[in-house]
$ cat coords02.csv   # CSV, C-alpha atoms and all ligand atoms
chain,number,residue,atom,x,y,z
A,1,MET,CA,10.9,33.5,-20.1
A,2,LYS,CA,12.9,31.3,-22.5
A,3,VAL,CA,11.8,27.8,-23.3
A,4,ILE,CA,14.8,25.6,-24.0
A,5,ASN,CA,14.6,22.0,-25.2
A,6,THR,CA,18.2,20.9,-25.6
A,7,ILE,CA,21.1,20.4,-23.2
A,8,SER,CA,23.5,22.3,-25.4
A,9,ASP,CA,21.2,25.3,-25.6
A,10,LEU,CA,20.8,25.2,-21.9
A,11,ARG,CA,24.6,25.0,-21.4
A,12,VAL,CA,25.2,28.0,-23.8
A,13,PHE,CA,22.6,30.1,-22.0
A,14,LEU,CA,23.9,29.3,-18.5
A,15,HIS,CA,27.6,29.7,-19.5
A,16,GLN,CA,26.8,33.3,-20.6
A,17,ALA,CA,24.9,33.9,-17.3
A,18,ARG,CA,27.9,32.7,-15.3
A,19,LEU,CA,30.3,34.9,-17.3
A,20,GLU,CA,28.1,37.8,-16.2
A,21,GLY,CA,28.6,36.7,-12.6
A,22,LYS,CA,25.0,35.6,-12.2
A,23,THR,CA,23.9,33.0,-9.7
A,24,ILE,CA,21.7,30.1,-10.8
A,25,GLY,CA,18.8,28.4,-9.1
A,26,LEU,CA,17.4,25.1,-10.3
A,27,VAL,CA,13.9,23.9,-9.6
A,28,PRO,CA,13.5,20.3,-11.0
A,29,THR,CA,9.9,19.3,-11.7
A,30,MET,CA,7.9,16.8,-13.7
A,31,GLY,CA,5.4,19.4,-14.8
A,32,ALA,CA,1.6,19.5,-13.9
A,33,LEU,CA,2.7,22.5,-11.8
A,34,HIS,CA,0.6,23.8,-8.9
A,35,GLU,CA,1.0,26.4,-6.1
A,36,GLY,CA,3.5,24.1,-4.3
A,37,HIS,CA,5.9,24.3,-7.4
A,38,ALA,CA,5.2,28.1,-7.7
A,39,SER,CA,6.4,28.6,-4.1
A,40,LEU,CA,9.7,26.9,-5.0
A,41,VAL,CA,10.1,29.0,-8.2
A,42,ARG,CA,9.3,32.3,-6.3
A,43,ARG,CA,11.9,31.3,-3.6
A,44,SER,CA,14.5,30.6,-6.3
A,45,VAL,CA,13.7,33.8,-8.1
A,46,SER,CA,14.2,35.8,-4.9
A,47,GLU,CA,17.5,34.1,-4.1
A,48,ASN,CA,19.2,33.8,-7.5
A,49,ASP,CA,19.8,36.0,-10.6
A,50,VAL,CA,18.7,33.2,-13.0
A,51,THR,CA,16.0,30.5,-12.2
A,52,VAL,CA,15.9,27.4,-14.4
A,53,VAL,CA,12.8,25.2,-14.0
A,54,SER,CA,13.1,21.7,-15.6
A,55,ILE,CA,9.9,20.1,-16.8
A,56,PHE,CA,10.6,16.5,-17.5
A,57,LEU,CA,8.4,13.5,-16.8
A,58,ASN,CA,11.2,11.2,-15.9
A,59,PRO,CA,10.3,7.6,-17.0
A,60,THR,CA,13.1,5.9,-15.1
A,61,GLN,CA,11.6,6.8,-11.7
A,62,PHE,CA,8.2,5.1,-12.5
A,63,ASN,CA,8.1,1.5,-11.5
A,64,ASP,CA,4.5,1.3,-12.5
A,65,LEU,CA,3.8,2.0,-16.2
A,66,SER,CA,0.1,2.9,-15.6
A,67,ASP,CA,1.2,5.5,-13.1
A,68,LEU,CA,3.5,7.1,-15.7
A,69,GLU,CA,0.7,6.9,-18.4
A,70,ARG,CA,-1.9,8.7,-16.3
A,71,TYR,CA,0.5,11.3,-14.9
A,72,PRO,CA,-1.0,14.7,-15.9
A,73,ARG,CA,0.8,16.6,-18.7
A,74,THR,CA,0.1,20.4,-18.9
A,75,LEU,CA,3.1,22.0,-20.6
A,76,GLU,CA,1.3,25.1,-21.8
A,77,SER,CA,-0.3,26.1,-18.5
A,78,ASP,CA,3.0,25.1,-16.8
A,79,CYS,CA,5.0,27.6,-18.9
A,80,LYS,CA,2.3,30.3,-18.2
A,81,LEU,CA,2.7,29.8,-14.4
A,82,LEU,CA,6.5,29.8,-14.6
A,83,ASP,CA,6.4,33.1,-16.6
A,84,GLU,CA,4.2,34.7,-14.0
A,85,CYS,CA,6.5,33.5,-11.2
A,86,GLY,CA,9.5,35.2,-12.9
A,87,ALA,CA,11.4,32.1,-14.0
A,88,SER,CA,14.2,32.8,-16.5
A,89,VAL,CA,14.1,29.4,-18.3
A,90,ALA,CA,11.8,26.5,-18.7
A,91,PHE,CA,14.0,23.5,-19.6
A,92,ALA,CA,11.6,21.0,-21.3
A,93,PRO,CA,13.7,18.3,-23.0
A,94,SER,CA,12.5,15.1,-24.7
A,95,VAL,CA,13.1,11.6,-23.3
A,96,LYS,CA,15.6,11.0,-26.2
A,97,GLU,CA,17.5,14.2,-25.3
A,98,ILE,CA,18.0,13.1,-21.7
A,99,TYR,CA,18.4,9.3,-22.3
A,100,PRO,CA,19.8,8.8,-25.8
A,101,GLU,CA,21.0,5.5,-24.4
A,102,PRO,CA,19.5,3.7,-21.4
A,103,ASP,CA,20.9,5.0,-18.1
A,104,THR,CA,22.5,2.0,-16.4
A,105,ARG,CA,23.9,3.8,-13.4
A,106,ILE,CA,23.0,2.4,-10.0
A,107,PHE,CA,22.7,4.7,-6.9
A,108,SER,CA,22.4,3.2,-3.5
A,109,TYR,CA,22.1,5.2,-0.3
A,110,PRO,CA,20.5,3.0,2.4
A,111,PRO,CA,18.6,3.4,4.5
A,112,THR,CA,17.4,6.7,3.0
A,113,ASP,CA,16.5,5.0,-0.4
A,114,SER,CA,15.6,1.5,0.8
A,115,VAL,CA,12.8,2.2,3.3
A,116,MET,CA,9.3,3.5,2.8
A,117,GLU,CA,8.9,4.7,-0.8
A,118,GLY,CA,12.1,2.8,-1.6
A,119,ALA,CA,10.7,-0.5,-0.4
A,120,PHE,CA,7.2,0.0,-2.0
A,121,ARG,CA,8.5,1.5,-5.3
A,122,PRO,CA,11.7,-0.5,-6.1
A,123,GLY,CA,14.0,1.5,-8.4
A,124,HIS,CA,12.1,4.8,-7.8
A,125,PHE,CA,15.0,6.6,-6.1
A,126,ASN,CA,17.5,5.2,-8.5
A,127,GLY,CA,15.5,6.9,-11.3
A,128,VAL,CA,15.3,10.1,-9.2
A,129,CYS,CA,19.1,10.1,-8.7
A,130,GLN,CA,19.7,9.4,-12.4
A,131,ILE,CA,17.7,12.4,-13.6
A,132,VAL,CA,18.6,14.8,-10.7
A,133,SER,CA,22.3,14.1,-11.2
A,134,LYS,CA,22.0,14.8,-14.9
A,135,LEU,CA,20.2,18.0,-14.3
A,136,PHE,CA,22.8,19.1,-11.7
A,137,SER,CA,25.6,18.4,-14.3
A,138,TYR,CA,23.8,20.3,-17.1
A,139,ALA,CA,22.8,23.4,-15.0
A,140,GLU,CA,25.6,23.4,-12.4
A,141,PRO,CA,23.3,25.5,-10.1
A,142,ASP,CA,24.3,27.3,-7.0
A,143,ARG,CA,21.1,26.2,-5.3
A,144,ALA,CA,18.5,23.5,-6.1
A,145,TYR,CA,15.0,23.7,-4.7
A,146,PHE,CA,12.9,20.7,-3.6
A,147,GLY,CA,9.5,20.5,-1.9
A,148,GLU,CA,9.5,18.9,1.6
A,149,LYS,CA,6.3,17.2,0.5
A,150,ASP,CA,8.6,14.5,-0.8
A,151,PHE,CA,10.5,14.4,2.4
A,152,GLN,CA,12.3,11.1,1.7
A,153,GLN,CA,13.4,12.4,-1.8
A,154,ILE,CA,15.3,15.3,-0.2
A,155,ALA,CA,17.1,12.9,2.2
A,156,VAL,CA,18.2,10.7,-0.7
A,157,ILE,CA,19.3,13.6,-2.9
A,158,ARG,CA,21.3,15.0,0.0
A,159,ARG,CA,23.2,11.7,0.2
A,160,MET,CA,23.8,11.8,-3.6
A,161,VAL,CA,25.1,15.3,-3.4
A,162,GLU,CA,27.6,14.3,-0.7
A,163,ASP,CA,28.5,11.2,-2.6
A,164,LEU,CA,29.1,12.8,-6.0
A,165,GLY,CA,30.6,16.0,-4.5
A,166,PHE,CA,28.2,18.4,-6.3
A,167,LYS,CA,29.0,22.0,-5.2
A,168,LEU,CA,25.5,23.3,-4.6
A,169,THR,CA,23.1,24.0,-1.8
A,170,ILE,CA,19.9,21.9,-1.5
A,171,VAL,CA,17.1,24.2,-0.4
A,172,PRO,CA,14.1,22.3,1.1
A,173,CYS,CA,10.9,24.3,0.9
A,174,PRO,CA,7.8,23.8,3.2
A,175,VAL,CA,4.8,21.8,2.0
A,176,VAL,CA,2.1,24.0,0.5
A,177,ARG,CA,-1.4,22.8,1.6
A,178,GLU,CA,-4.9,23.5,0.4
A,179,GLU,CA,-7.1,25.2,3.0
A,180,ASN,CA,-8.5,21.8,4.1
A,181,GLY,CA,-4.9,20.7,4.9
A,182,LEU,CA,-4.4,18.4,1.9
A,183,ALA,CA,-0.8,18.6,0.7
A,184,MET,CA,-0.6,20.0,-2.8
A,185,SER,CA,0.5,17.4,-5.4
A,186,SER,CA,0.3,17.0,-9.1
A,187,ARG,CA,-1.6,13.7,-8.4
A,188,ASN,CA,-4.4,15.6,-6.7
A,189,SER,CA,-5.8,16.5,-10.1
A,190,LEU,CA,-6.5,12.8,-10.6
A,191,LEU,CA,-8.9,12.7,-7.6
A,192,THR,CA,-12.6,12.5,-8.0
A,193,SER,CA,-14.7,15.0,-6.0
A,194,GLU,CA,-15.6,12.1,-3.5
A,195,GLU,CA,-11.9,11.4,-3.1
A,196,ARG,CA,-11.0,15.1,-2.7
A,197,ALA,CA,-13.6,15.2,0.2
A,198,ILE,CA,-11.8,12.4,2.1
A,199,ALA,CA,-8.2,13.0,1.3
A,200,PRO,CA,-7.8,15.9,3.9
A,201,GLU,CA,-8.4,13.3,6.6
A,202,ILE,CA,-4.8,12.2,6.1
A,203,TYR,CA,-3.3,15.4,7.3
A,204,ALA,CA,-6.0,15.9,9.9
A,205,ALA,CA,-4.9,12.6,11.5
A,206,LEU,CA,-1.2,13.4,11.3
A,207,ALA,CA,-1.8,16.9,12.8
A,208,LYS,CA,-3.8,15.4,15.7
A,209,SER,CA,-1.2,12.8,16.4
A,210,VAL,CA,1.4,15.5,17.3
A,211,SER,CA,-0.4,16.3,20.6
A,212,TYR,CA,-1.2,12.5,21.1
A,213,SER,CA,2.5,11.7,20.8
A,214,LYS,CA,3.3,14.0,23.7
A,215,ASN,CA,2.0,11.4,26.2
A,216,HIS,CA,2.1,8.2,24.1
A,217,SER,CA,4.9,6.0,22.8
A,218,VAL,CA,6.1,5.8,19.2
A,219,GLU,CA,4.3,2.5,18.8
A,220,GLU,CA,1.0,3.9,20.2
A,221,THR,CA,1.3,6.9,17.9
A,222,LEU,CA,1.9,4.7,14.9
A,223,GLN,CA,-1.3,2.7,15.7
A,224,TYR,CA,-3.3,5.9,16.4
A,225,VAL,CA,-2.6,7.4,12.9
A,226,VAL,CA,-3.1,4.1,11.0
A,227,SER,CA,-6.4,3.4,12.7
A,228,ALA,CA,-7.7,6.9,12.3
A,229,ILE,CA,-7.0,6.9,8.6
A,230,ASP,CA,-8.1,3.3,7.9
A,231,ALA,CA,-11.4,4.1,9.7
A,232,VAL,CA,-12.3,6.5,6.8
A,233,PRO,CA,-14.0,4.6,4.0
A,234,GLY,CA,-12.0,5.0,0.8
A,235,LEU,CA,-8.6,5.5,2.5
A,236,LYS,CA,-6.1,2.7,3.3
A,237,VAL,CA,-2.7,3.3,4.7
A,238,GLN,CA,0.1,1.6,2.7
A,239,TYR,CA,2.7,2.5,5.3
A,240,PHE,CA,3.3,4.9,8.2
A,241,SER,CA,6.8,5.1,9.6
A,242,ILE,CA,8.2,7.2,12.4
A,243,VAL,CA,11.8,7.8,11.5
A,244,ASP,CA,15.0,9.8,12.2
A,245,GLY,CA,14.5,12.9,10.0
A,246,ARG,CA,18.0,12.5,8.5
A,247,SER,CA,18.9,8.8,8.1
A,248,LEU,CA,15.2,7.8,7.8
A,249,ALA,CA,15.9,4.8,10.0
A,250,ASP,CA,12.9,3.8,12.2
A,251,VAL,CA,12.9,5.2,15.8
A,252,LYS,CA,11.6,3.1,18.7
A,253,SER,CA,11.5,5.9,21.3
A,254,TRP,CA,11.1,9.7,21.2
A,255,ASP,CA,14.6,9.9,22.8
A,256,ASP,CA,16.2,8.1,19.8
A,257,SER,CA,16.8,11.3,17.8
A,258,ASP,CA,16.6,15.1,18.0
A,259,PHE,CA,14.7,15.1,14.7
A,260,ILE,CA,11.8,12.8,14.3
A,261,VAL,CA,9.3,12.7,11.4
A,262,GLY,CA,6.3,10.5,10.6
A,263,CYS,CA,6.1,9.6,6.8
A,264,ILE,CA,2.9,8.2,5.3
A,265,THR,CA,1.5,6.9,2.1
A,266,VAL,CA,-2.2,6.3,1.7
A,267,PHE,CA,-4.3,4.8,-1.1
A,268,CYS,CA,-7.2,7.0,-1.8
A,269,GLY,CA,-10.3,5.8,-3.7
A,270,SER,CA,-10.8,2.9,-6.0
A,271,THR,CA,-8.2,3.7,-8.8
A,272,PRO,CA,-6.4,4.1,-6.2
A,273,ILE,CA,-4.3,7.3,-6.1
A,274,ARG,CA,-1.3,7.2,-3.8
A,275,LEU,CA,-1.0,10.2,-1.6
A,276,ILE,CA,2.2,11.0,0.4
A,277,ASP,CA,2.5,13.3,3.4
A,278,HIS,CA,4.6,13.7,6.6
A,279,ILE,CA,4.5,15.4,9.9
A,280,LYS,CA,7.4,16.6,12.2
A,281,TYR,CA,7.2,15.3,15.8
A,282,LYS,CA,10.5,16.7,17.0
A,283,GLY,CA,13.2,19.1,15.9
A,284,GLU,CA,14.2,21.1,12.7
A,285,GLU,CA,11.3,23.5,12.3
B,301,LIG,O1,9.8,15.6,-7.2
B,301,LIG,C1,9.7,15.4,-8.4
B,301,LIG,O2,8.8,16.0,-9.1
B,301,LIG,C2,10.7,14.5,-9.2
B,301,LIG,O3,11.0,13.4,-8.4
B,301,LIG,C3,12.0,15.2,-9.6
B,301,LIG,C4,12.8,15.7,-8.4
B,301,LIG,C5,11.6,16.4,-10.5
B,301,LIG,C6,12.8,14.3,-10.4
B,301,LIG,O4,12.2,13.8,-11.6
$ encode --input "coords02.csv" --output "structure tokens"
Amino acid sequence: MKVINTISDLRVFLHQARLEGKTIGLVPTMGALHEGHASLVRRSVSENDVTVVSIFLNPTQFNDLSDLERYPRTLESDCKLLDECGASVAFAPSVKEIYPEPDTRIFSYPPTDSVMEGAFRPGHFNGVCQIVSKLFSYAEPDRAYFGEKDFQQIAVIRRMVEDLGFKLTIVPCPVVREENGLAMSSRNSLLTSEERAIAPEIYAALAKSVSYSKNHSVEETLQYVVSAIDAVPGLKVQYFSIVDGRSLADVKSWDDSDFIVGCITVFCGSTPIRLIDHIKYKGEE
């Protein structure tokens, strides 16, 4: 696997690949890779001739400096994992390489980017669109792979792709979970052993709420999940929303849409660490 640090070297490499008629898959990441990322890379390797994995801790999507500072950085082990997964290129540029000047572009795709994470982390999706649009322009991939763990992020990126007319396919990939149900996330490595023991209660409550929802209203299901999680000492729900799976607008009734998803963010422990998850109630398996 090649490690490339500059945009021009990446362009030269991919230009040659395209001349040879090769297809290109892009897996954008912020590093601190785990089995969830590995599943995206393996999928891209199986569907494309060339797989580029970007490793870039994008400062513009962090609205909280302490969150950025404590984000795990593990470049060496990341490259080892990518090599084992069969990636062709790890693209690991510096902040100066990507943002020689501040990026002043504004992206706005409500309600996808204004609700939930958008409301609690102002500017977050603007930063995501800034970096992802840059990566799409550099790599011009045929397909780009994103984990469904960040369910809202995929909805926002789909809107950006439509808006800017990128000619590529977004490939959403299922959440990879630990055996206890906890969604894999780079932030999990920041959890203490006590926090690791309670964090699986988030998915346990979401999973139970699917059968509960069959004979209860949307409002009752919202309350069921929030009280089950808030009852666990050390966990506190920041928000839980039951939304249309495409627009991310709130639904009031199970008949409001053919695709309904519950999206949650929970504070875990005293630091606290924000953990994100979701559950599908209806449609699009
Ligand atoms: O999902 C992530 O890790 C990031 O938001 C992404 C898509 C790599 C952009 O920095």
$ residues_near_ligand --input "coords02.csv" --ligand "ligand LIG 301 (chain B)" --cutoff "7 Å" --atoms "all atoms listed in the file" --output "PyMOL selection string"
chain A and resi 28-30+56-58+128+131-132+146+150
$ residues_around --input "coords02.csv" --residues "Phe13 of chain A" --least-positions-apart "6" --cutoff "10 Å" --atoms "all atoms listed in the file" --output "PyMOL selection string"
chain A and resi 2+4+7+89+139
$ write_last_selection --input "coords02.csv" --atoms "C-alpha atoms" --output "mmCIF file, in the coordinates of the input"
data_model
loop_
_atom_site.group_PDB
_atom_site.id
_atom_site.type_symbol
_atom_site.label_atom_id
_atom_site.label_comp_id
_atom_site.auth_asym_id
_atom_site.auth_seq_id
_atom_site.Cartn_x
_atom_site.Cartn_y
_atom_site.Cartn_z
ATOM 1 C CA LYS A 2 12.900 31.300 -22.500
ATOM 2 C CA ILE A 4 14.800 25.600 -24.000
ATOM 3 C CA ILE A 7 21.100 20.400 -23.200
ATOM 4 C CA VAL A 89 14.100 29.400 -18.300
ATOM 5 C CA ALA A 139 22.800 23.400 -15.000
#
$ closest_residue --input "coords02.csv" --among "A:Val27, A:Ala119, A:Val232, A:Val261" --to "Ala207 of chain A" --atoms "all atoms listed in the file"
A:Val261
$ closest_residue --input "coords02.csv" --among "A:Arg274, A:Arg43, A:Arg177, A:Lys149" --to "Arg121 of chain A" --atoms "only C-alpha atoms"
A:Arg274
$ residues_around --input "coords02.csv" --residues "Ala32 of chain A" --least-positions-apart "5" --cutoff "9 Å" --atoms "only C-alpha atoms" --output "list in words"
Ile55, Tyr71, Pro72, Arg73, Thr74, Leu75, Ser77, Asp78, Ser185, Ser186, Arg187 and Ser189 of chain A
$ closest_residue --input "coords02.csv" --among "A:His34, A:Arg196, A:Lys96, A:His278" --to "Phe240 of chain A" --atoms "only C-alpha atoms"
A:His278
$ atom_distance --input "coords02.csv" --atom1 "atom CA of Glu220 of chain A" --atom2 "atom CA of Val175 of chain A"
25.8 Å
$ atom_distance --input "coords02.csv" --atom1 "atom CA of Val115 of chain A" --atom2 "atom CA of Asp103 of chain A"
23.1 Å
$ closest_residue --input "coords02.csv" --among "A:Phe267, A:Phe62, A:Phe107, A:Trp254" --to "Ala199 of chain A" --atoms "all atoms listed in the file"
A:Phe267
$ closest_residue --input "coords02.csv" --among "A:Glu148, A:Glu117, A:Glu219, A:Glu284" --to "Ser253 of chain A" --atoms "only C-alpha atoms"
A:Glu219
$ atom_distance --input "coords02.csv" --atom1 "atom CA of Tyr239 of chain A" --atom2 "atom CA of Val226 of chain A"
8.3 Å
$ closest_residue --input "coords02.csv" --among "A:Val12, A:Cys173, A:Cys129, A:Leu182" --to "Arg159 of chain A" --atoms "only C-alpha atoms"
A:Cys129
$ residues_around --input "coords02.csv" --residues "segment 246-249 of chain A" --least-positions-apart "3" --cutoff "7 Å" --atoms "only C-alpha atoms" --output "list in words"
Pro111, Thr112, Ala155 and Val243 of chain A
$ residues_near_point --input "coords02.csv" --point "(5.9, 0.9, -7.5)" --cutoff "8 Å" --atoms "only C-alpha atoms" --output "JSON, numbers by chain"
{"A": [62, 63, 64, 120, 121, 122, 124]}
$ residues_around --input "coords02.csv" --residues "Gly245 of chain A" --least-positions-apart "6" --cutoff "12 Å" --atoms "only C-alpha atoms" --output "PyMOL selection string"
chain A and resi 111-112+148+151-156+251+256-263+278-285
$ residues_near_point --input "coords02.csv" --point "(16.0, 31.3, -4.9)" --cutoff "12 Å" --atoms "all atoms listed in the file" --output "number ranges by chain"
A: 23-27, 38-53, 85-88, 141-146, 169-173
$ write_last_selection --input "coords02.csv" --atoms "C-alpha atoms" --output "PDB file, in the coordinates of the input"
ATOM      1  CA  THR A  23      23.900  33.000  -9.700  1.00  0.00           C
ATOM      2  CA  ILE A  24      21.700  30.100 -10.800  1.00  0.00           C
ATOM      3  CA  GLY A  25      18.800  28.400  -9.100  1.00  0.00           C
ATOM      4  CA  LEU A  26      17.400  25.100 -10.300  1.00  0.00           C
ATOM      5  CA  VAL A  27      13.900  23.900  -9.600  1.00  0.00           C
ATOM      6  CA  ALA A  38       5.200  28.100  -7.700  1.00  0.00           C
ATOM      7  CA  SER A  39       6.400  28.600  -4.100  1.00  0.00           C
ATOM      8  CA  LEU A  40       9.700  26.900  -5.000  1.00  0.00           C
ATOM      9  CA  VAL A  41      10.100  29.000  -8.200  1.00  0.00           C
ATOM     10  CA  ARG A  42       9.300  32.300  -6.300  1.00  0.00           C
ATOM     11  CA  ARG A  43      11.900  31.300  -3.600  1.00  0.00           C
ATOM     12  CA  SER A  44      14.500  30.600  -6.300  1.00  0.00           C
ATOM     13  CA  VAL A  45      13.700  33.800  -8.100  1.00  0.00           C
ATOM     14  CA  SER A  46      14.200  35.800  -4.900  1.00  0.00           C
ATOM     15  CA  GLU A  47      17.500  34.100  -4.100  1.00  0.00           C
ATOM     16  CA  ASN A  48      19.200  33.800  -7.500  1.00  0.00           C
ATOM     17  CA  ASP A  49      19.800  36.000 -10.600  1.00  0.00           C
ATOM     18  CA  VAL A  50      18.700  33.200 -13.000  1.00  0.00           C
ATOM     19  CA  THR A  51      16.000  30.500 -12.200  1.00  0.00           C
ATOM     20  CA  VAL A  52      15.900  27.400 -14.400  1.00  0.00           C
ATOM     21  CA  VAL A  53      12.800  25.200 -14.000  1.00  0.00           C
ATOM     22  CA  CYS A  85       6.500  33.500 -11.200  1.00  0.00           C
ATOM     23  CA  GLY A  86       9.500  35.200 -12.900  1.00  0.00           C
ATOM     24  CA  ALA A  87      11.400  32.100 -14.000  1.00  0.00           C
ATOM     25  CA  SER A  88      14.200  32.800 -16.500  1.00  0.00           C
ATOM     26  CA  PRO A 141      23.300  25.500 -10.100  1.00  0.00           C
ATOM     27  CA  ASP A 142      24.300  27.300  -7.000  1.00  0.00           C
ATOM     28  CA  ARG A 143      21.100  26.200  -5.300  1.00  0.00           C
ATOM     29  CA  ALA A 144      18.500  23.500  -6.100  1.00  0.00           C
ATOM     30  CA  TYR A 145      15.000  23.700  -4.700  1.00  0.00           C
ATOM     31  CA  PHE A 146      12.900  20.700  -3.600  1.00  0.00           C
ATOM     32  CA  THR A 169      23.100  24.000  -1.800  1.00  0.00           C
ATOM     33  CA  ILE A 170      19.900  21.900  -1.500  1.00  0.00           C
ATOM     34  CA  VAL A 171      17.100  24.200  -0.400  1.00  0.00           C
ATOM     35  CA  PRO A 172      14.100  22.300   1.100  1.00  0.00           C
ATOM     36  CA  CYS A 173      10.900  24.300   0.900  1.00  0.00           C
TER      37      CYS A 173
END
$ decode --input "coords02.csv" --residues "segment 250-266 of chain A" --atoms "N, CA, C and O atoms" --output "PDB file, in the first residue's frame"
ATOM      1  N   ASP A 250     -38.854  15.107  11.756  1.00  0.00           N
ATOM      2  CA  ASP A 250     -39.567  14.313  12.775  1.00  0.00           C
ATOM      3  C   ASP A 250     -40.833  13.699  12.188  1.00  0.00           C
ATOM      4  O   ASP A 250     -41.511  14.340  11.388  1.00  0.00           O
ATOM      5  N   VAL A 251     -41.143  12.478  12.610  1.00  0.00           N
ATOM      6  CA  VAL A 251     -42.462  11.923  12.260  1.00  0.00           C
ATOM      7  C   VAL A 251     -43.311  11.931  13.529  1.00  0.00           C
ATOM      8  O   VAL A 251     -42.791  11.839  14.640  1.00  0.00           O
ATOM      9  N   LYS A 252     -44.625  12.046  13.336  1.00  0.00           N
ATOM     10  CA  LYS A 252     -45.546  12.068  14.479  1.00  0.00           C
ATOM     11  C   LYS A 252     -46.239  10.718  14.609  1.00  0.00           C
ATOM     12  O   LYS A 252     -46.678  10.329  15.688  1.00  0.00           O
ATOM     13  N   SER A 253     -46.359  10.021  13.439  1.00  0.00           N
ATOM     14  CA  SER A 253     -47.081   8.749  13.438  1.00  0.00           C
ATOM     15  C   SER A 253     -46.297   7.749  12.582  1.00  0.00           C
ATOM     16  O   SER A 253     -45.555   8.144  11.677  1.00  0.00           O
ATOM     17  N   TRP A 254     -46.492   6.470  12.857  1.00  0.00           N
ATOM     18  CA  TRP A 254     -45.787   5.428  12.091  1.00  0.00           C
ATOM     19  C   TRP A 254     -46.237   5.419  10.636  1.00  0.00           C
ATOM     20  O   TRP A 254     -45.595   4.808   9.790  1.00  0.00           O
ATOM     21  N   ASP A 255     -47.398   6.079  10.341  1.00  0.00           N
ATOM     22  CA  ASP A 255     -47.879   6.128   8.946  1.00  0.00           C
ATOM     23  C   ASP A 255     -47.292   7.311   8.173  1.00  0.00           C
ATOM     24  O   ASP A 255     -47.552   7.460   6.983  1.00  0.00           O
ATOM     25  N   ASP A 256     -46.493   8.154   8.842  1.00  0.00           N
ATOM     26  CA  ASP A 256     -45.989   9.365   8.177  1.00  0.00           C
ATOM     27  C   ASP A 256     -44.963   9.084   7.084  1.00  0.00           C
ATOM     28  O   ASP A 256     -44.699   9.948   6.252  1.00  0.00           O
ATOM     29  N   SER A 257     -44.330   7.911   7.108  1.00  0.00           N
ATOM     30  CA  SER A 257     -43.269   7.647   6.120  1.00  0.00           C
ATOM     31  C   SER A 257     -43.127   6.129   5.944  1.00  0.00           C
ATOM     32  O   SER A 257     -43.533   5.358   6.819  1.00  0.00           O
ATOM     33  N   ASP A 258     -42.524   5.737   4.798  1.00  0.00           N
ATOM     34  CA  ASP A 258     -42.262   4.301   4.598  1.00  0.00           C
ATOM     35  C   ASP A 258     -40.860   3.927   5.099  1.00  0.00           C
ATOM     36  O   ASP A 258     -40.434   2.789   5.012  1.00  0.00           O
ATOM     37  N   PHE A 259     -40.114   4.930   5.605  1.00  0.00           N
ATOM     38  CA  PHE A 259     -38.761   4.684   6.111  1.00  0.00           C
ATOM     39  C   PHE A 259     -38.584   5.506   7.390  1.00  0.00           C
ATOM     40  O   PHE A 259     -38.507   6.741   7.327  1.00  0.00           O
ATOM     41  N   ILE A 260     -38.580   4.826   8.519  1.00  0.00           N
ATOM     42  CA  ILE A 260     -38.538   5.546   9.808  1.00  0.00           C
ATOM     43  C   ILE A 260     -37.384   5.027  10.677  1.00  0.00           C
ATOM     44  O   ILE A 260     -37.205   3.812  10.837  1.00  0.00           O
ATOM     45  N   VAL A 261     -36.639   5.972  11.207  1.00  0.00           N
ATOM     46  CA  VAL A 261     -35.424   5.649  11.962  1.00  0.00           C
ATOM     47  C   VAL A 261     -35.414   6.450  13.272  1.00  0.00           C
ATOM     48  O   VAL A 261     -35.866   7.598  13.297  1.00  0.00           O
ATOM     49  N   GLY A 262     -34.899   5.830  14.332  1.00  0.00           N
ATOM     50  CA  GLY A 262     -34.705   6.553  15.593  1.00  0.00           C
ATOM     51  C   GLY A 262     -33.219   6.856  15.742  1.00  0.00           C
ATOM     52  O   GLY A 262     -32.389   5.948  15.664  1.00  0.00           O
ATOM     53  N   CYS A 263     -32.868   8.133  15.924  1.00  0.00           N
ATOM     54  CA  CYS A 263     -31.453   8.532  16.041  1.00  0.00           C
ATOM     55  C   CYS A 263     -31.207   9.063  17.443  1.00  0.00           C
ATOM     56  O   CYS A 263     -31.970   9.897  17.938  1.00  0.00           O
ATOM     57  N   ILE A 264     -30.113   8.595  18.045  1.00  0.00           N
ATOM     58  CA  ILE A 264     -29.872   8.954  19.449  1.00  0.00           C
ATOM     59  C   ILE A 264     -28.430   9.389  19.678  1.00  0.00           C
ATOM     60  O   ILE A 264     -27.500   8.897  19.012  1.00  0.00           O
ATOM     61  N   THR A 265     -28.259  10.319  20.611  1.00  0.00           N
ATOM     62  CA  THR A 265     -26.922  10.618  21.141  1.00  0.00           C
ATOM     63  C   THR A 265     -27.017  10.592  22.661  1.00  0.00           C
ATOM     64  O   THR A 265     -27.950  11.161  23.248  1.00  0.00           O
ATOM     65  N   VAL A 266     -26.060   9.904  23.263  1.00  0.00           N
ATOM     66  CA  VAL A 266     -26.077   9.700  24.712  1.00  0.00           C
ATOM     67  C   VAL A 266     -24.723  10.122  25.276  1.00  0.00           C
ATOM     68  O   VAL A 266     -23.677   9.805  24.704  1.00  0.00           O
TER      69      VAL A 266
END
